[in-house]
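Text of coords-v7.txt, listed as compact mmCIF, C-alpha atoms:
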# COMPACT_ATOMS: atom_id res chain seq x y z
CA PHE A 1 9.67 43.93 -34.37
CA PHE A 2 9.87 40.17 -34.09
CA SER A 3 12.88 38.02 -34.93
CA GLU A 4 13.33 34.70 -36.70
CA TYR A 5 16.54 32.71 -37.09
CA CYS A 6 17.54 30.81 -40.21
CA MET A 7 20.60 28.96 -41.46
CA TYR A 8 22.65 30.56 -44.21
CA ASP A 9 26.03 29.12 -45.27
CA GLY A 10 26.05 26.99 -42.13
CA LYS A 11 25.72 30.05 -39.83
CA ALA A 12 22.76 31.28 -37.84
CA THR A 13 21.64 34.75 -38.98
CA GLN A 14 18.98 36.92 -37.39
CA MET A 15 16.28 38.53 -39.54
CA SER A 16 14.21 41.42 -38.17
CA LEU A 17 10.86 41.94 -39.83
CA PRO A 18 8.22 44.58 -39.07
CA SER A 19 5.21 43.26 -37.22
CA VAL A 20 1.91 43.54 -39.12
CA PRO A 21 -1.54 43.53 -37.49
CA ARG A 22 -3.50 40.37 -38.20
CA ASN A 23 -6.43 42.17 -39.88
CA SER A 24 -4.65 45.17 -41.44
CA LYS A 25 -5.73 46.67 -44.74
CA GLY A 26 -4.46 44.93 -47.82
CA LEU A 27 -4.37 41.54 -46.05
CA GLN A 28 -7.26 39.14 -46.06
CA GLY A 29 -7.56 36.69 -43.20
CA LYS A 30 -4.77 36.03 -40.71
CA LEU A 31 -1.11 36.71 -41.19
CA GLU A 32 0.80 33.40 -41.20
CA THR A 33 4.54 33.24 -40.77
CA THR A 34 6.21 30.37 -42.61
CA PRO A 35 9.60 29.16 -41.35
CA ILE A 36 12.26 29.68 -44.00
CA SER A 37 15.12 27.26 -44.50
CA PHE A 38 18.15 27.51 -46.76
CA HIS A 39 20.33 24.86 -48.35
CA GLU A 40 24.07 24.87 -47.95
CA HIS A 41 24.59 27.36 -50.80
CA GLY A 42 21.76 29.69 -49.82
CA SER A 43 18.97 28.35 -52.10
CA LEU A 44 15.46 28.30 -50.62
CA GLY A 45 14.42 24.84 -49.40
CA ALA A 46 10.66 25.38 -49.50
CA ARG A 47 9.97 21.83 -50.78
CA LYS A 48 11.90 20.34 -47.91
CA SER A 49 10.04 22.54 -45.39
CA ASN A 50 6.70 21.41 -46.78
CA LYS A 51 7.75 17.76 -46.39
CA VAL A 52 8.86 18.36 -42.80
CA ARG A 53 5.56 20.06 -41.98
CA ALA A 54 3.61 17.20 -43.55
CA LEU A 55 5.54 14.63 -41.55
CA ALA A 56 5.06 16.64 -38.37
CA LYS A 57 1.31 16.90 -39.04
CA LYS A 58 1.09 13.15 -39.66
CA GLY A 59 3.08 12.46 -36.51
CA SER A 60 0.84 14.70 -34.43
CA LYS A 61 -2.23 12.83 -35.71
CA GLU A 62 -0.64 9.49 -34.83
CA ASN A 63 0.33 10.79 -31.38
CA ALA A 64 -3.20 12.03 -30.79
CA HIS A 65 -4.57 8.63 -31.83
CA SER A 66 -2.17 6.74 -29.54
CA LEU A 67 -2.98 9.11 -26.66
CA ALA A 68 -6.70 8.51 -27.20
CA ILE A 69 -6.16 4.74 -27.13
CA ARG A 70 -4.07 5.05 -23.98
CA LYS A 71 -6.73 7.22 -22.31
CA ASP A 72 -9.44 4.68 -23.16
CA GLY A 73 -7.26 1.92 -21.68
CA GLU A 74 -6.66 3.92 -18.51
CA ASP A 75 -10.39 4.65 -18.15
CA ALA A 76 -11.19 0.95 -18.56
CA GLN A 77 -8.57 0.04 -15.98
CA THR A 78 -9.97 2.63 -13.54
CA ARG A 79 -13.44 1.13 -13.95
CA ARG A 80 -12.06 -2.36 -13.31
CA LEU A 81 -10.26 -1.25 -10.15
CA GLY A 82 -13.47 0.37 -8.95
CA ASP A 83 -15.40 -2.85 -9.60
CA TYR A 84 -12.86 -4.82 -7.57
CA ALA A 85 -13.47 -2.54 -4.59
CA VAL A 86 -17.27 -2.64 -4.90
CA LYS A 87 -17.42 -6.42 -5.34
CA ARG A 88 -14.74 -6.96 -2.65
CA TYR A 89 -12.53 -9.04 -4.95
CA SER A 90 -9.56 -10.89 -3.50
CA ASP A 91 -6.20 -11.14 -5.29
CA TYR A 92 -7.28 -14.60 -6.44
CA ASP A 93 -10.56 -13.25 -7.85
CA ILE A 94 -8.79 -10.44 -9.70
CA TYR A 95 -6.34 -12.85 -11.35
CA VAL A 96 -9.11 -15.26 -12.42
CA SER A 97 -11.23 -12.37 -13.72
CA GLU A 98 -8.34 -10.91 -15.75
CA CYS A 99 -7.46 -14.31 -17.26
CA LYS A 100 -11.08 -14.66 -18.35
CA ARG A 101 -11.22 -11.12 -19.76
CA LEU A 102 -7.99 -11.54 -21.74
CA GLY A 103 -8.75 -15.09 -22.86
CA LEU A 104 -5.66 -16.54 -21.21
CA ARG A 105 -5.24 -19.84 -19.40
CA GLU A 106 -5.04 -19.71 -15.61
CA ASN A 107 -1.88 -20.90 -13.88
CA SER A 108 -2.73 -23.29 -11.03
CA GLY A 109 0.52 -22.45 -9.22
CA ILE A 110 -0.31 -18.74 -9.16
CA LYS A 111 -3.84 -19.45 -7.93
CA GLN A 112 -2.39 -21.29 -4.94
CA ILE A 113 -0.10 -18.37 -4.12
CA LEU A 114 -2.65 -15.54 -4.28
CA SER A 115 -4.80 -14.71 -1.28
CA GLN A 116 -8.52 -15.49 -1.36
CA GLU A 117 -9.42 -13.04 1.40
CA SER A 118 -11.83 -10.45 0.04
CA SER A 119 -10.54 -6.87 -0.08
CA LYS A 120 -7.30 -7.84 1.73
CA HIS A 121 -4.65 -6.43 -0.60
CA ARG A 122 -1.75 -6.10 1.83
CA MET A 123 0.98 -8.21 0.29
CA THR A 124 4.50 -7.00 0.90
CA HIS A 125 6.25 -9.98 -0.71
CA LEU A 126 5.12 -11.89 -3.80
CA ASP A 127 7.07 -14.95 -4.97
CA LEU A 128 6.05 -16.11 -8.47
CA SER A 129 9.31 -17.88 -9.29
CA SER A 130 9.28 -21.05 -11.41
CA ASN A 131 5.69 -20.45 -12.57
CA TYR A 132 5.51 -20.17 -16.36
CA ILE A 133 3.90 -16.78 -17.14
CA PRO A 134 4.12 -16.05 -20.89
CA LYS A 135 1.86 -12.99 -20.51
CA ILE A 136 2.09 -10.83 -17.42
CA ALA A 137 -1.07 -8.85 -18.18
CA PRO A 138 -3.43 -10.86 -15.88
CA LEU A 139 -1.18 -10.06 -12.90
CA LEU A 140 -0.89 -6.31 -13.46
CA ASP A 141 -4.10 -5.42 -11.62
CA VAL A 142 -3.04 -7.71 -8.75
CA LEU A 143 0.22 -5.77 -8.49
CA ILE A 144 -1.59 -2.44 -8.68
CA VAL A 145 -4.04 -3.08 -5.82
CA ASN A 146 -1.25 -4.29 -3.51
CA VAL A 147 0.17 -0.85 -2.80
CA PHE A 148 2.51 -2.08 -0.03
CA LEU A 149 4.42 -4.50 -2.28
CA LYS A 150 8.15 -4.29 -1.49
CA LYS A 151 9.63 -7.57 -2.74
CA LEU A 152 8.83 -9.23 -6.05
CA ASP A 153 10.44 -12.52 -7.12
CA MET A 154 9.94 -13.40 -10.81
CA GLN A 155 12.79 -15.82 -11.44
CA ASN A 156 12.41 -18.37 -14.21
CA ILE A 157 8.88 -17.42 -15.30
CA GLY A 158 9.51 -16.99 -19.04
CA LEU A 159 9.89 -13.20 -19.15
CA ASP A 160 11.06 -11.56 -22.37
CA ASP A 161 11.94 -7.97 -23.22
CA LYS A 162 8.36 -6.91 -23.99
CA GLN A 163 6.90 -8.38 -20.80
CA THR A 164 9.75 -6.86 -18.79
CA GLU A 165 8.96 -3.41 -20.20
CA ILE A 166 5.27 -3.83 -19.27
CA LEU A 167 6.24 -4.89 -15.75
CA VAL A 168 8.62 -1.96 -15.37
CA ASP A 169 5.99 0.56 -16.52
CA THR A 170 3.53 -0.77 -13.92
CA LEU A 171 6.04 -0.73 -11.08
CA ILE A 172 7.17 2.81 -11.92
CA GLU A 173 3.61 4.12 -12.05
CA TYR A 174 2.25 2.42 -8.93
CA HIS A 175 5.17 1.24 -6.75
CA SER A 176 8.04 3.67 -7.32
CA ASP A 177 8.02 4.75 -3.65
CA VAL A 178 7.82 1.28 -2.06
CA ILE A 179 9.49 -1.39 -4.23
CA GLU A 180 12.81 -2.49 -2.71
CA THR A 181 13.82 -5.77 -4.36
CA LEU A 182 13.05 -7.35 -7.73
CA ASP A 183 14.47 -10.60 -9.08
CA VAL A 184 14.09 -11.43 -12.78
CA GLY A 185 16.99 -13.89 -12.94
CA LEU A 186 16.94 -17.12 -14.99
CA ASN A 187 14.83 -15.47 -17.69
CA LYS A 188 17.05 -16.04 -20.72
CA ASP A 189 14.83 -14.06 -23.12
CA VAL A 190 15.49 -10.81 -21.23
CA GLY A 191 18.13 -8.97 -23.27
CA TYR A 192 19.22 -5.44 -24.08
CA ASP A 193 15.75 -3.83 -24.27
CA GLY A 194 14.69 -5.48 -21.03
CA GLY A 195 17.93 -4.36 -19.41
CA MET A 196 17.33 -0.76 -20.47
CA ALA A 197 13.83 -0.94 -19.01
CA LEU A 198 15.24 -2.27 -15.73
CA LEU A 199 17.82 0.50 -15.68
CA ARG A 200 14.99 3.01 -16.05
CA LEU A 201 13.22 1.30 -13.14
CA ILE A 202 16.24 1.73 -10.87
CA LYS A 203 16.47 5.43 -11.70
CA GLU A 204 12.75 5.99 -11.04
CA CYS A 205 12.57 3.92 -7.82
CA PRO A 206 14.96 5.36 -5.23
CA ARG A 207 14.21 2.63 -2.66
CA LEU A 208 15.14 -0.21 -5.04
CA TRP A 209 18.47 -1.57 -3.81
CA PHE A 210 18.46 -5.16 -5.17
CA LEU A 211 17.81 -6.34 -8.73
CA GLY A 212 18.47 -9.97 -9.62
CA ILE A 213 19.51 -10.41 -13.26
CA ARG A 214 21.64 -13.58 -13.17
CA SER A 215 21.45 -15.94 -16.15
CA THR A 216 19.81 -13.36 -18.43
CA ASN A 217 21.02 -12.10 -21.79
CA ILE A 218 21.53 -8.53 -20.63
CA PRO A 219 24.94 -7.34 -21.95
CA SER A 220 27.71 -7.18 -19.38
CA SER A 221 28.26 -3.46 -20.00
CA LEU A 222 24.60 -2.80 -19.20
CA GLN A 223 24.80 -5.05 -16.15
CA ARG A 224 27.62 -2.88 -14.82
CA GLN A 225 25.45 0.23 -15.23
CA VAL A 226 22.61 -1.52 -13.40
CA GLN A 227 24.90 -2.40 -10.50
CA TRP A 228 26.32 1.12 -10.34
CA HIS A 229 22.86 2.69 -10.08
CA LEU A 230 21.80 0.08 -7.51
CA ASP A 231 24.79 1.00 -5.38
CA GLU A 232 23.90 4.66 -5.75
CA ASN A 233 20.33 3.96 -4.58
CA TYR A 234 21.66 2.00 -1.62
CA ASN A 235 24.15 4.68 -0.58
CA THR A 236 21.68 7.55 -0.93
CA GLY A 237 18.70 5.70 0.50
CA VAL A 238 16.21 7.62 2.59
CA LEU A 239 15.72 6.52 6.20
CA GLU A 240 12.12 6.98 7.29
CA ARG A 241 11.18 8.04 10.81
CA VAL A 242 9.81 4.61 11.76
CA GLU A 243 13.02 2.90 10.66
CA TYR A 244 15.11 5.52 12.45
CA LEU A 245 13.24 5.01 15.72
CA ARG A 246 13.62 1.25 15.43
CA LEU A 247 17.38 1.56 14.87
CA LEU A 248 17.64 4.08 17.71
CA LYS A 249 15.95 1.63 20.05
CA ILE A 250 18.40 -1.11 19.04
CA PHE A 251 21.37 1.23 19.47
CA ARG A 252 20.25 2.19 22.97
CA ALA A 253 19.86 -1.49 23.85
CA VAL A 254 23.39 -2.19 22.63
CA ASP A 255 24.97 0.87 24.28
CA VAL A 256 24.49 -0.33 27.87
CA ASP A 257 26.94 2.17 29.39
CA ASN A 258 25.34 5.17 27.58
CA SER A 259 28.69 6.24 26.18
CA GLY A 260 27.26 7.15 22.77
CA SER A 261 29.31 4.48 21.01
CA CYS A 262 29.15 0.70 20.69
CA THR A 263 32.07 -1.63 21.29
CA ILE A 264 32.49 -5.08 19.78
CA SER A 265 31.93 -6.57 23.24
CA GLU A 266 28.59 -4.74 23.58
CA LEU A 267 27.50 -5.92 20.14
CA LEU A 268 28.34 -9.55 21.00
CA ASN A 269 26.50 -9.33 24.31
CA TYR A 270 23.45 -7.88 22.56
CA GLU A 271 23.51 -10.67 19.95
CA LEU A 272 23.71 -13.31 22.72
CA LYS A 273 20.84 -11.65 24.56
CA VAL A 274 18.64 -11.60 21.45
CA LEU A 275 19.55 -15.22 20.67
CA LYS A 276 18.61 -16.33 24.21
CA GLN A 277 15.28 -14.52 23.93
CA GLU A 278 14.54 -16.20 20.61
CA LEU A 279 15.44 -19.63 22.06
CA LEU A 280 13.23 -19.06 25.11
CA GLN A 281 10.35 -17.96 22.91
CA ARG A 282 10.83 -21.00 20.68
CA ASP A 283 11.00 -23.30 23.72
CA LYS A 284 7.82 -21.72 25.06
CA GLU A 285 6.05 -22.31 21.75
CA VAL A 286 7.22 -25.93 21.64
CA ARG A 287 6.14 -26.53 25.24
CA SER A 288 2.80 -24.92 24.54
CA ALA A 289 2.30 -27.12 21.48
CA SER A 290 3.34 -30.25 23.42
CA PHE A 291 1.03 -29.37 26.30
CA ARG A 292 -1.80 -28.77 23.84
CA LYS A 293 -1.27 -32.19 22.25
CA LEU A 294 -1.09 -33.89 25.67
CA PHE A 295 -4.23 -32.07 26.84
CA GLU A 296 -6.13 -33.06 23.70
CA LYS A 297 -4.99 -36.67 24.12
CA GLU A 298 -6.15 -36.77 27.74
CA CYS A 299 -9.45 -35.13 26.83
CA SER A 300 -10.02 -37.73 24.12
CA ALA A 301 -9.25 -40.57 26.55
CA LEU A 302 -11.57 -39.07 29.19
CA LYS A 303 -14.34 -38.61 26.64
CA ALA A 304 -13.99 -42.22 25.52
CA LYS A 305 -14.11 -43.38 29.17
CA VAL A 306 -17.23 -41.31 29.81
CA ASN A 307 -18.94 -42.67 26.70
CA LYS A 308 -18.09 -46.21 27.76
CA THR A 309 -19.45 -45.61 31.27
CA MET A 310 -22.65 -44.13 29.90
CA LYS A 311 -23.06 -47.10 27.60
CA ASN A 312 -22.59 -49.50 30.55
CA LEU A 313 -25.10 -47.53 32.60
CA ASP A 314 -27.60 -47.72 29.78
CA HIS A 315 -27.04 -51.47 29.52
CA ASP A 316 -27.41 -51.94 33.31
CA GLY A 317 -30.51 -49.79 33.32
CA ASP A 318 -32.07 -51.93 30.61
CA LYS A 319 -31.38 -55.01 32.70
CA VAL A 320 -33.00 -53.47 35.79
CA TRP A 321 -36.00 -52.42 33.78
CA MET A 322 -36.46 -55.92 32.36
CA ASN A 323 -36.20 -57.51 35.87
CA MET A 324 -38.81 -55.13 37.20
CA CYS A 325 -41.14 -56.01 34.34
CA LEU A 326 -40.67 -59.76 34.91
CA ASN A 327 -41.25 -59.46 38.65
CA HIS A 328 -44.51 -57.69 38.11
Serialized structure, structure tokens:
Amino acid sequence: FFSEYCMYDGKATQMSLPSVPRNSKGLQGKLETTPISFHEHGSLGARKSNKVRALAKKGSKENAHSLAIRKDGEDAQTRRLGDYAVKRYSDYDIYVSECKRLGLRENSGIKQILSQESSKHRMTHLDLSSNYIPKIAPLLDVLIVNVFLKKLDMQNIGLDDKQTEILVDTLIEYHSDVIETLDVGLNKDVGYDGGMALLRLIKECPRLWFLGIRSTNIPSSLQRQVQWHLDENYNTGVLERVEYLRLLKIFRAVDVDNSGSCTISELLNYELKVLKQELLQRDKEVRSASFRKLFEKECSALKAKVNKTMKNLDHDGDKVWMNMCLNH
């Protein structure tokens, strides 16, 4: 037996029907089970079921079409990323190439920011603030290849809800494990939809502890949710081994008496010690730079003196040569 559930008088009832082989005698073709639905008073809603099935079929076709388009886009993007590696494109080259492919105007400010070193995609901090970027698409591949990107500043660049959603999708897919700070403040066209996308970003990126959203049109209630989830990320943040060892080294330097705890006096002494080391290093750099300038100045003066002496020797030699010719 197999069971199907249906609604009758607002209650779920269970119907048990005998199972029939697919190719049994008296049946041609395959046995098809049609879901049965009832109206409130028990009348069969076959017309409604047919409409639901038709809509579901149409929706599945549309979903298949959208998935095919998305797959084609992903394949094209994969080919582009492969070309960047083969041709040893820099971040600058990728941005220029994408602007050309999409038919968008290049931003001179962004071109000055991006590195022109071939195959050196090691940015950890990218500051694009105050550069008008109506379409973020040319920068997406630049973000993707820089897998170590931790800080992204996009204040006052003309972001809207749609561009924010595109940015969030890219960061979630490629930087969810590394991104720590993002600033989209001063973008007044970022509203509710953009705020929801940013909230999704916080939930998907556990290392994200700062999100700048000042002077945006994100509702205050949504801003409170954003801050709550940011605090949760900060309080439940994961400490990696490298960071732990660095902190352990600092703690041992502070805890001079090896008591296992740090007093305020020990902290102050450690701060003074670090400050003195920084000042000495800075003084050393300044002295080195001053010595270099003085050395270059003296070298230039010596070179000029040598050139002058050589010129005088040449002049005196010419005189001697002329006297010898006259005497003969």
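Of the listed residues A:Ile136, A:Leu152, A:Ile179, A:Leu126, the one whose atoms come nearest to Pro206 (chain A) is A:Ile179, with distances taken using only C-alpha atoms.
CA of Ile218 (chain A) lies 18.5 Å from CA of Asp169 (chain A).
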| Any idea what the distance is between CA of Glu204 (chain A) and CA of Gln77 (chain A)? | 22.7 Å
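CA of Phe295 (chain A) is found 25.4 Å from CA of Glu278 (chain A).
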